[in-house]
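Colleague: File query_15.cif below, mmCIF, C-alpha atoms:
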data_work
loop_
_atom_site.label_atom_id
_atom_site.label_comp_id
_atom_site.auth_asym_id
_atom_site.auth_seq_id
_atom_site.Cartn_x
_atom_site.Cartn_y
_atom_site.Cartn_z
CA MET A 1 38.79 -33.67 -24.50
CA SER A 2 36.08 -31.24 -25.62
CA HIS A 3 35.55 -27.84 -24.02
CA MET A 4 32.40 -25.73 -23.81
CA PRO A 5 32.73 -22.39 -25.62
CA SER A 6 33.25 -19.29 -23.49
CA PRO A 7 29.96 -17.55 -22.68
CA ALA A 8 31.53 -14.26 -23.87
CA ARG A 9 32.69 -15.58 -27.29
CA ARG A 10 31.29 -13.66 -30.27
CA SER A 11 28.89 -15.45 -32.55
CA PRO A 12 29.57 -14.52 -36.20
CA GLU A 13 26.55 -13.07 -38.01
CA SER A 14 25.98 -12.18 -41.66
CA TRP A 15 26.66 -8.65 -40.42
CA GLY A 16 27.87 -7.65 -36.98
CA ALA A 17 28.44 -9.96 -34.03
CA ILE A 18 26.54 -11.17 -30.98
CA ARG A 19 27.97 -12.52 -27.76
CA LYS A 20 26.37 -13.93 -24.67
CA LEU A 21 27.37 -12.14 -21.47
CA PRO A 22 27.95 -13.83 -18.10
CA SER A 23 24.61 -12.34 -16.99
CA GLY A 24 22.85 -14.43 -19.63
CA ARG A 25 21.90 -11.43 -21.74
CA PHE A 26 23.19 -10.77 -25.25
CA GLN A 27 25.36 -7.94 -26.54
CA ALA A 28 25.41 -6.86 -30.21
CA SER A 29 28.28 -5.09 -31.91
CA TYR A 30 29.16 -3.98 -35.43
CA LEU A 31 31.80 -2.16 -37.47
CA GLY A 32 30.54 1.34 -38.19
CA PRO A 33 31.11 3.46 -41.34
CA ASP A 34 33.75 5.35 -39.34
CA GLY A 35 35.86 2.19 -39.03
CA GLN A 36 35.18 1.79 -35.29
CA ARG A 37 33.51 -1.19 -33.64
CA TRP A 38 30.42 -0.10 -31.71
CA THR A 39 28.36 -2.02 -29.18
CA ALA A 40 24.64 -1.42 -28.90
CA ARG A 41 23.83 1.76 -26.99
CA THR A 42 20.71 3.60 -25.88
CA ASP A 43 20.03 7.08 -27.24
CA ALA A 44 21.44 8.48 -23.98
CA GLY A 45 24.65 6.51 -24.43
CA GLY A 46 24.06 3.73 -21.90
CA ALA A 47 24.79 0.08 -22.57
CA LEU A 48 21.98 -1.76 -24.35
CA THR A 49 21.72 -5.55 -24.03
CA PHE A 50 19.04 -8.01 -25.07
CA ASP A 51 17.21 -10.87 -23.42
CA SER A 52 17.53 -13.12 -26.47
CA LYS A 53 19.81 -13.63 -29.45
CA THR A 54 16.85 -13.02 -31.75
CA ARG A 55 16.26 -9.53 -30.34
CA ALA A 56 19.98 -8.73 -30.67
CA ARG A 57 19.91 -9.87 -34.31
CA GLU A 58 16.82 -7.71 -34.99
CA TRP A 59 18.66 -4.69 -33.60
CA LEU A 60 21.67 -5.37 -35.88
CA THR A 61 19.35 -5.59 -38.89
CA LYS A 62 17.80 -2.23 -38.02
CA THR A 63 21.21 -0.60 -37.52
CA ARG A 64 22.54 -1.97 -40.82
CA ALA A 65 19.49 -0.51 -42.60
CA GLU A 66 20.31 2.93 -41.10
CA ILE A 67 23.86 2.72 -42.45
CA GLN A 68 22.62 1.72 -45.90
CA ARG A 69 20.13 4.64 -45.95
CA GLY A 70 22.79 7.09 -44.80
CA THR A 71 20.87 8.01 -41.64
CA TRP A 72 23.25 6.35 -39.19
CA VAL A 73 24.59 8.52 -36.33
CA SER A 74 27.39 7.32 -34.10
CA PRO A 75 26.38 6.43 -30.53
CA THR A 76 28.63 9.21 -29.22
CA ASP A 77 26.94 11.89 -31.34
CA ARG A 78 23.51 10.46 -30.56
CA ALA A 79 24.18 10.75 -26.81
CA VAL A 80 25.31 14.38 -27.25
CA ASP A 81 22.11 15.16 -29.17
CA ALA A 82 19.96 13.47 -26.51
CA GLU A 83 21.60 15.46 -23.72
CA ARG A 84 21.17 18.72 -25.62
CA ALA A 85 17.47 17.93 -26.20
CA ARG A 86 17.01 17.10 -22.51
CA GLN A 87 18.54 20.40 -21.46
CA GLN A 88 16.43 22.37 -23.93
CA ALA A 89 13.16 20.61 -23.07
CA PRO A 90 10.79 22.66 -20.87
CA ILE A 91 10.84 21.60 -17.24
CA PRO A 92 7.36 20.22 -16.39
CA ASN A 93 5.36 21.88 -13.68
CA PHE A 94 4.69 20.01 -10.47
CA GLY A 95 1.03 19.32 -11.22
CA LYS A 96 1.66 17.53 -14.51
CA PHE A 97 4.70 15.67 -13.19
CA ALA A 98 2.80 14.55 -10.06
CA ALA A 99 -0.20 13.34 -12.07
CA ALA A 100 2.07 11.23 -14.27
CA TRP A 101 3.92 10.00 -11.17
CA VAL A 102 0.70 8.63 -9.65
CA GLU A 103 -0.17 6.87 -12.92
CA GLN A 104 3.30 5.35 -13.36
CA ARG A 105 4.14 4.58 -9.73
CA ARG A 106 4.85 0.92 -9.01
CA SER A 107 5.31 -1.04 -5.81
CA GLY A 108 8.44 -2.99 -4.99
CA SER A 109 6.84 -6.02 -6.67
CA GLY A 110 6.14 -4.01 -9.82
CA GLN A 111 2.40 -3.64 -9.21
CA PRO A 112 0.50 -0.37 -9.83
CA LEU A 113 -0.72 1.61 -6.84
CA ARG A 114 -3.81 0.19 -5.18
CA PRO A 115 -6.95 2.12 -6.17
CA LYS A 116 -7.43 3.52 -2.66
CA THR A 117 -3.80 4.67 -2.47
CA ALA A 118 -3.96 6.33 -5.89
CA THR A 119 -7.23 8.03 -4.96
CA GLU A 120 -5.72 9.29 -1.70
CA TYR A 121 -2.65 10.66 -3.50
CA ARG A 122 -4.85 12.49 -6.00
CA ARG A 123 -6.92 13.90 -3.13
CA GLN A 124 -3.76 15.25 -1.48
CA LEU A 125 -2.54 16.75 -4.76
CA ALA A 126 -5.89 18.47 -5.27
CA GLY A 127 -6.00 19.54 -1.62
CA GLY A 128 -3.06 20.62 0.47
CA LEU A 129 -0.54 20.41 -2.38
CA ALA A 130 -2.71 22.25 -4.93
CA GLU A 131 -0.86 25.55 -4.50
CA LEU A 132 2.28 23.93 -5.95
CA ALA A 133 0.56 22.56 -9.06
CA ASP A 134 1.56 25.36 -11.45
CA SER A 135 5.11 25.68 -10.10
CA ALA A 136 8.10 24.48 -12.11
CA LEU A 137 9.83 21.66 -10.26
CA ALA A 138 13.01 23.72 -10.07
CA ASP A 139 11.07 26.50 -8.30
CA ILE A 140 10.07 24.25 -5.40
CA THR A 141 12.88 25.25 -3.04
CA PRO A 142 13.49 24.25 0.59
CA ALA A 143 12.43 27.73 1.72
CA ARG A 144 9.18 27.51 -0.21
CA VAL A 145 8.44 24.04 1.13
CA ARG A 146 9.07 25.19 4.71
CA ASP A 147 6.70 28.12 4.21
CA TRP A 148 4.01 25.87 2.70
CA HIS A 149 4.41 23.30 5.47
CA ALA A 150 4.27 25.85 8.28
CA ARG A 151 0.99 27.24 7.00
CA ARG A 152 -0.46 23.79 6.31
CA ALA A 153 0.62 22.30 9.65
CA ALA A 154 -0.99 25.19 11.54
CA VAL A 155 -4.34 24.01 10.20
CA ALA A 156 -3.88 20.25 9.76
CA PRO A 157 -0.55 18.92 11.07
CA THR A 158 -1.25 15.24 10.33
CA ALA A 159 -2.37 16.03 6.78
CA ALA A 160 0.69 18.25 6.35
CA GLY A 161 2.97 15.37 7.29
CA ALA A 162 1.26 12.97 4.87
CA GLU A 163 1.35 15.53 2.06
CA ALA A 164 5.01 16.25 2.74
CA ARG A 165 5.76 12.52 2.44
CA LEU A 166 4.02 12.42 -0.92
CA LEU A 167 5.81 15.59 -2.09
CA ARG A 168 9.16 14.17 -1.01
CA ALA A 169 8.52 10.89 -2.89
CA ILE A 170 7.55 12.73 -6.07
CA LEU A 171 10.59 15.01 -5.91
CA ASN A 172 12.84 11.98 -5.33
CA THR A 173 11.71 10.70 -8.73
CA ALA A 174 12.39 14.11 -10.27
CA VAL A 175 15.94 13.91 -8.85
CA THR A 176 16.38 10.42 -10.30
CA ASP A 177 15.14 11.68 -13.67
CA GLY A 178 17.72 14.45 -13.62
CA ILE A 179 15.09 17.20 -13.70
CA ILE A 180 16.24 18.69 -10.38
CA THR A 181 19.46 18.16 -8.46
CA SER A 182 18.17 17.80 -4.90
CA ASN A 183 14.99 17.20 -2.89
CA ALA A 184 13.54 20.31 -1.26
CA VAL A 185 11.56 18.40 1.40
CA ALA A 186 13.40 17.87 4.69
CA GLY A 187 12.67 14.55 6.37
CA ALA A 188 11.48 16.27 9.55
CA LEU A 189 8.55 17.83 7.69
CA THR A 190 7.12 14.39 6.92
CA ARG A 191 6.66 13.51 10.59
CA THR A 192 4.22 16.15 11.82
CA THR A 193 1.03 14.88 13.49
CA THR A 194 -1.74 16.33 15.60
CA GLY A 195 -0.58 14.39 18.62
CA THR A 196 -4.25 13.60 19.28
CA PRO A 197 -4.27 10.78 21.83
CA HIS A 198 -5.93 7.64 20.54
CA ARG A 199 -5.89 4.53 22.59
CA PRO A 200 -7.34 1.04 22.64
CA PRO A 201 -10.42 0.66 24.84
CA THR A 202 -10.17 -0.82 28.29
CA HIS A 203 -11.84 -4.18 28.86
CA ASP A 204 -14.75 -2.44 30.57
CA GLU A 205 -15.15 0.03 27.70
CA LEU A 206 -15.04 -2.75 25.12
CA ALA A 207 -17.68 -4.69 27.06
CA ALA A 208 -19.85 -1.55 27.18
CA ILE A 209 -19.46 -1.06 23.42
CA LEU A 210 -20.34 -4.70 22.75
CA ASN A 211 -23.40 -4.55 25.00
CA ALA A 212 -24.64 -1.36 23.31
CA ILE A 213 -23.84 -2.14 19.66
CA GLU A 214 -26.56 -3.20 17.26
CA PRO A 215 -26.62 -7.05 17.48
CA ARG A 216 -25.66 -7.63 13.84
CA PHE A 217 -22.37 -5.79 14.43
CA LYS A 218 -21.33 -7.48 17.68
CA VAL A 219 -19.17 -10.11 15.94
CA ALA A 220 -17.64 -7.41 13.74
CA ILE A 221 -16.37 -5.68 16.89
CA LEU A 222 -15.05 -9.01 18.18
CA LEU A 223 -13.25 -9.72 14.89
CA ALA A 224 -11.54 -6.33 15.13
CA ALA A 225 -10.74 -6.54 18.85
CA TYR A 226 -9.73 -10.22 19.01
CA GLY A 227 -8.76 -10.96 15.41
CA ALA A 228 -7.25 -7.56 14.49
CA LEU A 229 -9.27 -7.33 11.27
CA ARG A 230 -9.67 -3.97 9.55
CA ILE A 231 -13.17 -2.86 8.60
CA SER A 232 -12.29 -3.35 4.92
CA GLU A 233 -11.36 -6.95 5.76
CA TRP A 234 -14.23 -8.03 8.00
CA ARG A 235 -16.94 -6.58 5.77
CA ALA A 236 -15.57 -8.71 2.89
CA LEU A 237 -15.75 -11.96 4.89
CA ARG A 238 -18.01 -14.72 3.63
CA ARG A 239 -19.32 -17.78 5.41
CA SER A 240 -16.74 -19.94 3.62
CA ASP A 241 -13.96 -17.87 5.21
CA LEU A 242 -14.82 -19.34 8.61
CA ALA A 243 -13.67 -22.83 9.51
CA GLN A 244 -14.49 -24.58 12.75
CA ASP A 245 -11.45 -26.23 14.31
CA LYS A 246 -12.57 -28.25 17.30
CA ASP A 247 -13.83 -25.64 19.78
CA ARG A 248 -12.82 -22.47 17.93
CA TYR A 249 -13.18 -20.67 14.64
CA LEU A 250 -10.35 -19.94 12.22
CA VAL A 251 -10.84 -16.89 10.01
CA THR A 252 -9.16 -16.70 6.61
CA VAL A 253 -8.42 -13.09 5.64
CA ALA A 254 -7.97 -13.20 1.86
CA ARG A 255 -9.58 -10.01 0.55
CA GLN A 256 -10.77 -6.53 1.41
CA ALA A 257 -13.63 -4.41 0.08
CA GLN A 258 -13.22 -0.65 -0.26
CA HIS A 259 -15.64 1.97 -1.57
CA ILE A 260 -13.60 4.19 -3.89
CA ALA A 261 -14.90 6.96 -6.13
CA GLY A 262 -18.47 5.68 -5.89
CA ALA A 263 -17.73 2.03 -6.61
CA TRP A 264 -16.78 -1.07 -4.64
CA VAL A 265 -13.25 -2.34 -5.24
CA VAL A 266 -12.48 -5.86 -4.01
CA GLY A 267 -8.86 -6.95 -3.86
CA PRO A 268 -6.24 -8.60 -1.68
CA PRO A 269 -5.50 -7.24 1.81
CA LYS A 270 -3.40 -4.13 2.33
CA SER A 271 -0.11 -6.00 1.96
CA ALA A 272 1.08 -9.46 1.02
CA GLU A 273 1.43 -10.19 4.73
CA GLY A 274 -2.22 -9.24 5.19
CA ARG A 275 -3.24 -12.63 3.79
CA ARG A 276 -3.50 -14.62 6.98
CA VAL A 277 -5.48 -17.08 9.06
CA VAL A 278 -6.58 -15.80 12.47
CA ALA A 279 -7.47 -18.10 15.36
CA LEU A 280 -10.28 -16.66 17.47
CA PRO A 281 -10.50 -17.46 21.19
CA ALA A 282 -12.60 -20.54 21.82
CA GLY A 283 -14.76 -18.49 24.19
CA LEU A 284 -16.15 -16.50 21.24
CA SER A 285 -17.45 -19.53 19.34
CA ARG A 286 -20.95 -19.33 20.82
CA LEU A 287 -21.31 -15.70 19.72
CA VAL A 288 -20.00 -16.49 16.22
CA GLU A 289 -22.45 -19.38 15.87
CA ALA A 290 -25.35 -17.19 17.01
CA HIS A 291 -24.38 -14.56 14.44
CA LEU A 292 -24.18 -17.14 11.65
CA SER A 293 -27.60 -18.56 12.44
CA THR A 294 -29.29 -15.17 12.88
CA HIS A 295 -27.67 -12.76 10.41
CA VAL A 296 -26.03 -14.87 7.66
CA SER A 297 -27.71 -16.91 4.95
CA ALA A 298 -26.70 -20.54 4.44
CA ALA A 299 -24.88 -20.08 1.13
CA PRO A 300 -21.07 -20.53 1.38
CA ASP A 301 -20.50 -17.17 -0.33
CA ALA A 302 -22.93 -15.30 1.92
CA LEU A 303 -21.46 -12.16 3.45
CA LEU A 304 -21.07 -12.25 7.24
CA PHE A 305 -22.17 -8.60 7.37
CA PRO A 306 -24.54 -7.97 4.46
CA PRO A 307 -25.48 -4.38 3.61
CA ALA A 308 -28.90 -3.09 4.58
CA ARG A 309 -30.08 -2.88 0.96
CA GLY A 310 -28.46 -6.12 -0.15
CA VAL A 311 -26.22 -4.48 -2.78
CA GLY A 312 -22.44 -4.50 -2.67
CA PHE A 313 -20.92 -4.47 0.79
CA LEU A 314 -21.62 -2.84 4.14
CA HIS A 315 -20.82 0.87 3.74
CA ASP A 316 -18.78 2.74 6.34
CA ARG A 317 -21.76 4.99 7.08
CA GLN A 318 -24.04 2.06 7.91
CA PHE A 319 -21.57 0.78 10.47
CA ALA A 320 -20.63 4.26 11.74
CA ASP A 321 -24.19 5.01 12.88
CA ALA A 322 -24.31 1.94 15.12
CA TRP A 323 -20.67 2.36 16.18
CA ASN A 324 -21.25 5.95 17.31
CA VAL A 325 -24.33 5.02 19.33
CA ALA A 326 -22.30 2.28 21.07
CA ARG A 327 -19.36 4.62 21.72
CA ASP A 328 -21.68 7.23 23.20
CA ALA A 329 -23.16 4.61 25.51
CA ALA A 330 -19.66 3.50 26.57
CA GLY A 331 -18.59 7.09 27.22
CA VAL A 332 -15.72 7.06 24.71
CA ARG A 333 -17.27 9.68 22.41
CA ARG A 334 -18.47 13.02 23.71
CA PRO A 335 -19.96 16.10 22.01
CA ILE A 336 -17.72 19.16 21.78
CA LEU A 337 -19.43 22.23 23.23
CA ASP A 338 -19.00 25.85 22.25
CA ALA A 339 -18.26 28.72 24.64
CA ASP A 340 -21.93 28.85 25.63
CA GLY A 341 -22.06 25.16 26.41
CA GLU A 342 -24.02 24.30 23.28
CA PRO A 343 -23.17 21.27 21.08
CA THR A 344 -21.09 22.18 18.03
CA GLY A 345 -22.03 19.07 16.07
CA LYS A 346 -18.48 17.77 16.46
CA PHE A 347 -17.29 15.03 18.80
CA GLN A 348 -14.22 14.15 20.84
CA SER A 349 -13.51 10.46 20.29
CA ASP A 350 -11.18 8.61 22.63
CA VAL A 351 -11.53 5.30 20.77
CA ARG A 352 -11.70 4.90 16.98
CA GLU A 353 -12.71 1.76 15.13
CA HIS A 354 -9.06 1.26 14.14
CA ASP A 355 -8.06 1.36 17.81
CA LEU A 356 -9.68 -2.04 18.20
CA ARG A 357 -6.67 -3.39 16.28
CA ALA A 358 -4.42 -1.76 18.86
CA PHE A 359 -6.46 -3.51 21.54
CA ALA A 360 -5.92 -6.81 19.75
CA ALA A 361 -2.19 -6.20 19.34
CA THR A 362 -1.73 -5.23 22.98
CA LEU A 363 -3.73 -8.17 24.27
CA HIS A 364 -1.99 -10.59 21.93
CA ALA A 365 1.45 -9.46 23.12
CA GLN A 366 0.39 -9.51 26.78
CA SER A 367 -0.88 -13.06 26.30
CA GLY A 368 2.65 -14.27 25.63
CA ALA A 369 3.01 -13.95 21.87
CA THR A 370 6.42 -13.06 20.51
CA LEU A 371 6.88 -9.87 18.49
CA ARG A 372 7.02 -11.90 15.31
CA GLU A 373 3.79 -13.71 16.15
CA THR A 374 2.03 -10.46 17.00
CA MET A 375 3.13 -8.73 13.81
CA SER A 376 1.97 -11.72 11.77
CA PHE A 377 -1.32 -11.72 13.66
CA LEU A 378 -1.82 -8.08 12.59
CA GLY A 379 -0.73 -8.67 9.00
CA HIS A 380 2.01 -6.05 9.48
CA SER A 381 5.03 -8.32 9.30
CA THR A 382 8.02 -8.60 7.04
CA THR A 383 8.07 -11.47 4.57
CA ALA A 384 10.29 -13.46 6.92
CA ALA A 385 7.87 -12.92 9.81
CA ALA A 386 4.90 -13.90 7.66
CA LEU A 387 6.63 -17.15 6.71
CA ALA A 388 7.48 -17.79 10.35
CA TYR A 389 3.79 -17.34 11.18
CA GLN A 390 2.86 -20.21 8.91
CA HIS A 391 5.05 -22.50 11.01
CA ALA A 392 4.06 -20.99 14.35
CA ALA A 393 0.29 -21.24 13.87
CA ASP A 394 -1.56 -24.35 15.10
CA ASP A 395 -1.24 -25.08 18.81
CA ARG A 396 0.78 -21.95 19.63
CA LEU A 397 -1.87 -19.55 18.28
CA ARG A 398 -4.66 -21.56 19.89
CA GLU A 399 -2.86 -21.35 23.21
CA ILE A 400 -2.38 -17.59 22.83
CA ALA A 401 -6.01 -17.09 21.78
CA ASP A 402 -7.31 -18.84 24.89
CA ARG A 403 -5.21 -16.60 27.17
CA MET A 404 -6.93 -13.48 25.83
CA THR A 405 -9.37 -12.04 28.34
CA LEU A 406 -12.96 -12.08 27.09
CA PRO A 407 -15.54 -9.32 27.67
CA VAL A 408 -18.34 -9.63 30.18
CA LEU A 409 -21.58 -9.36 28.22
CA THR A 410 -25.06 -8.82 29.56
#
Kindly transcribe the structure held in the file into structure tokens.
Modeller:
Amino acid sequence: MSHMPSPARRSPESWGAIRKLPSGRFQASYLGPDGQRWTARTDAGGALTFDSKTRAREWLTKTRAEIQRGTWVSPTDRAVDAERARQQAPIPNFGKFAAAWVEQRRSGSGQPLRPKTATEYRRQLAGGLAELADSALADITPARVRDWHARRAAVAPTAAGAEARLLRAILNTAVTDGIITSNAVAGALTRTTTGTPHRPPTHDELAAILNAIEPRFKVAILLAAYGALRISEWRALRRSDLAQDKDRYLVTVARQAQHIAGAWVVGPPKSAEGRRVVALPAGLSRLVEAHLSTHVSAAPDALLFPPARGVGFLHDRQFADAWNVARDAAGVRRPILDADGEPTGKFQSDVREHDLRAFAATLHAQSGATLRETMSFLGHSTTAAALAYQHAADDRLREIADRMTLPVLT
């Protein structure tokens, strides 16, 4: 009876040996000039394995050439040399380390940072964190971070919390790299906010906003308030993203458009779960149809909300002008007055555009949706919840959509 060879059995080579490990990778070994058998090692002394037998054989060929030239150094001595070089190397300052961190940072799926995220990180490094740029990483102590944060939070507490989160993430990498031994940023410093109350609009306020908004933006407000779409998502919608399903519209959210560093960047939604299909309440179909016939050209790739000049996408500023007029009319944005009762040019806003998503989430949950359905509806779910949404869609989401209270429009 024949037997399969052990996966760990050495394969004889013309020089050295290769064996396949239980993991499926390959390990190379050889007899050194010192009479000892050595397995492949990194310069730092860690185990080095290969994804193919060919790569393992190439490594053996290179090592044999070093022995023949007289340049071979034992793995033990090479690790000692590497450690000595690491200790003698100058410790990078925070600014240079942070800049490289942003460039090299990867998501859990191995993807680079999204352009908007990278731009925001660079803005924070050039802003609130700029005073640390020339500091050696080892000089960023807990006491110094507390002092920085106290001064920063006194001016901009929410920004201080966000910057502290970025600083903590960067220093975590420095700890992993062995440059510093501990992280100087306490977790509590990452949670500071202004505490400014923001809330979803009431039904009456939403109706007032809808009645006052420029007509071409009415459906945009409805997509945010009843479909939970972000502005970056709804401005990227095209006619082909709408599908009529009996008496309602289904909206496919497959991309977002963001204006970053003077250019439009079009990519997938904020997260993998952001790719979704949203069922709008059947009661909104008449308004959607009126928008399509009045403001959208017939081409399948026509934008639902084209920019005023017909180039790129609708810019935040173009929407903000109409949005602010509507908020003023609804009484959810008021001018801030100085001590003499004169306008300062600043405003107190009770309802932000993003609060329309909170309205959608609240209404969706109150309409009987489970937590998992609501999180999937928002595109803020875990992978498991997103998968569950695919199965829960159809009749369940239509039923939930029809329970959502609609605004009274004039």
Colleague: Tell me which protein, DNA and RNA residues are within 10 Å of region 215-217 of chain A, counting all atoms listed in the file, leaving out same-chain ones fewer than 4 positions away, and put them as a list in words.
Modeller: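 Listed by chain and then number, they are Leu210, Asn211, Ile221, Leu222, Leu223, His291, Leu292, Thr294, His295, Val296, Leu304, Phe305, Pro306, Phe319, Ala322 and Trp323 of chain A.
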Colleague: Considering all atoms listed in the file, return as a PDB file with C-alpha atoms, in the coordinates of the input whatever protein or nucleic-acid residues lie within 12 Å of Arg25 (chain A), sequence-local ones (same chain, fewer than 5 positions apart) excluded.
Modeller:
ATOM      1  CA  PRO A   7      29.960 -17.550 -22.680  1.00  0.00           C
ATOM      2  CA  ALA A   8      31.530 -14.260 -23.870  1.00  0.00           C
ATOM      3  CA  ILE A  18      26.540 -11.170 -30.980  1.00  0.00           C
ATOM      4  CA  ARG A  19      27.970 -12.520 -27.760  1.00  0.00           C
ATOM      5  CA  LYS A  20      26.370 -13.930 -24.670  1.00  0.00           C
ATOM      6  CA  ALA A  47      24.790   0.080 -22.570  1.00  0.00           C
ATOM      7  CA  LEU A  48      21.980  -1.760 -24.350  1.00  0.00           C
ATOM      8  CA  THR A  49      21.720  -5.550 -24.030  1.00  0.00           C
ATOM      9  CA  PHE A  50      19.040  -8.010 -25.070  1.00  0.00           C
ATOM     10  CA  ASP A  51      17.210 -10.870 -23.420  1.00  0.00           C
ATOM     11  CA  SER A  52      17.530 -13.120 -26.470  1.00  0.00           C
ATOM     12  CA  LYS A  53      19.810 -13.630 -29.450  1.00  0.00           C
ATOM     13  CA  THR A  54      16.850 -13.020 -31.750  1.00  0.00           C
ATOM     14  CA  ARG A  55      16.260  -9.530 -30.340  1.00  0.00           C
ATOM     15  CA  ALA A  56      19.980  -8.730 -30.670  1.00  0.00           C
TER      16      ALA A  56
END
Colleague: So which residues get picked by the PyMOL selection byres ((chain A and resi 79) around 10) here, written as an mmCIF file with C-alpha atoms, in the coordinates of the input?
Modeller:
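Result went into out.cif, see below:
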data_model
loop_
_atom_site.group_PDB
_atom_site.id
_atom_site.type_symbol
_atom_site.label_atom_id
_atom_site.label_comp_id
_atom_site.auth_asym_id
_atom_site.auth_seq_id
_atom_site.Cartn_x
_atom_site.Cartn_y
_atom_site.Cartn_z
ATOM 1 C CA ARG A 41 23.830 1.760 -26.990
ATOM 2 C CA THR A 42 20.710 3.600 -25.880
ATOM 3 C CA ASP A 43 20.030 7.080 -27.240
ATOM 4 C CA ALA A 44 21.440 8.480 -23.980
ATOM 5 C CA GLY A 45 24.650 6.510 -24.430
ATOM 6 C CA GLY A 46 24.060 3.730 -21.900
ATOM 7 C CA VAL A 73 24.590 8.520 -36.330
ATOM 8 C CA SER A 74 27.390 7.320 -34.100
ATOM 9 C CA PRO A 75 26.380 6.430 -30.530
ATOM 10 C CA THR A 76 28.630 9.210 -29.220
ATOM 11 C CA ASP A 77 26.940 11.890 -31.340
ATOM 12 C CA ARG A 78 23.510 10.460 -30.560
ATOM 13 C CA VAL A 80 25.310 14.380 -27.250
ATOM 14 C CA ASP A 81 22.110 15.160 -29.170
ATOM 15 C CA ALA A 82 19.960 13.470 -26.510
ATOM 16 C CA GLU A 83 21.600 15.460 -23.720
ATOM 17 C CA ARG A 84 21.170 18.720 -25.620
ATOM 18 C CA ALA A 85 17.470 17.930 -26.200
#
Colleague: Just to confirm, what's the straight-line distance from CA of Tyr30 (chain A) to CA of Ala17 (chain A) in Å (one decimal)?
Modeller: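 We find that CA of Tyr30 (chain A) and CA of Ala17 (chain A) lie 6.2 Å from each other.
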Colleague: Using only C-alpha atoms for the distances, tell me which of A:Gly35, A:Pro300, A:Pro281, A:Gly312 is nearest to Leu250 (chain A).
Modeller: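 Looking at the shortest contact to Leu250 (chain A), the residue is A:Pro281.
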Colleague: Calculated over all atoms listed in the file, which of the candidates A:Arg309, A:Arg238, A:Arg191, A:His203 has the smallest distance to Thr362 (chain A)?
Modeller: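 Going through A:Arg309, A:Arg238, A:Arg191, A:His203 one by one, the smallest distance to Thr362 (chain A) is for A:His203.
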Colleague: Work out how far CA of Gln124 (chain A) is from CA of Ala100 (chain A), in Å to one decimal.
Modeller: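 CA of Gln124 (chain A) lies 14.6 Å from CA of Ala100 (chain A).
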Colleague: Report as JSON the centre and the edge lengths, in Å to one decimal, of the axis-aligned box holding every listed atom of region 217-227 of chain A, padded by 3 Å on each side.
Modeller:
{"center_x": -15.6, "center_y": -8.3, "center_z": 16.4, "size_x": 19.6, "size_y": 11.3, "size_z": 11.3}
Colleague: Grab the CA of Met375 (chain A) to CA of Lys270 (chain A) distance for me, in Å with one decimal place.
Modeller: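 Interatomic distance, CA of Met375 (chain A) to CA of Lys270 (chain A): 14.0 Å.
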Colleague: Given the choices A:Glu214, A:Ala236, A:Val265, A:Val277, which gets closest to Val251 (chain A) if the distance is worked out from all atoms listed in the file?
Modeller: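 The closest residue to Val251 (chain A) is A:Val277.
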Colleague: Please write region 79-100 of chain A of the preceding block to a file containing C-alpha atoms, as a short mmCIF file (atom, residue, chain, number, x, y, z; two decimals), in the first residue's frame?
Modeller:
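As a result, selection11.cif now contains:
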data_model
loop_
_atom_site.label_atom_id
_atom_site.label_comp_id
_atom_site.auth_asym_id
_atom_site.auth_seq_id
_atom_site.Cartn_x
_atom_site.Cartn_y
_atom_site.Cartn_z
CA ALA A 79 20.67 39.73 13.61
CA VAL A 80 23.13 41.27 16.11
CA ASP A 81 24.35 43.71 13.44
CA ALA A 82 20.78 44.64 12.50
CA GLU A 83 19.85 45.34 16.13
CA ARG A 84 22.96 47.46 16.63
CA ALA A 85 22.15 49.46 13.48
CA ARG A 86 18.56 49.97 14.65
CA GLN A 87 19.71 51.29 18.01
CA GLN A 88 22.24 53.63 16.42
CA ALA A 89 19.86 54.97 13.76
CA PRO A 90 18.48 58.46 14.49
CA ILE A 91 14.95 58.43 15.84
CA PRO A 92 12.71 60.17 13.25
CA ASN A 93 10.81 63.24 14.27
CA PHE A 94 7.04 63.10 14.48
CA GLY A 95 6.43 65.12 11.31
CA LYS A 96 8.42 62.83 9.03
CA PHE A 97 7.13 59.66 10.68
CA ALA A 98 3.51 60.88 10.46
CA ALA A 99 3.85 61.84 6.79
CA ALA A 100 5.16 58.37 5.97
#
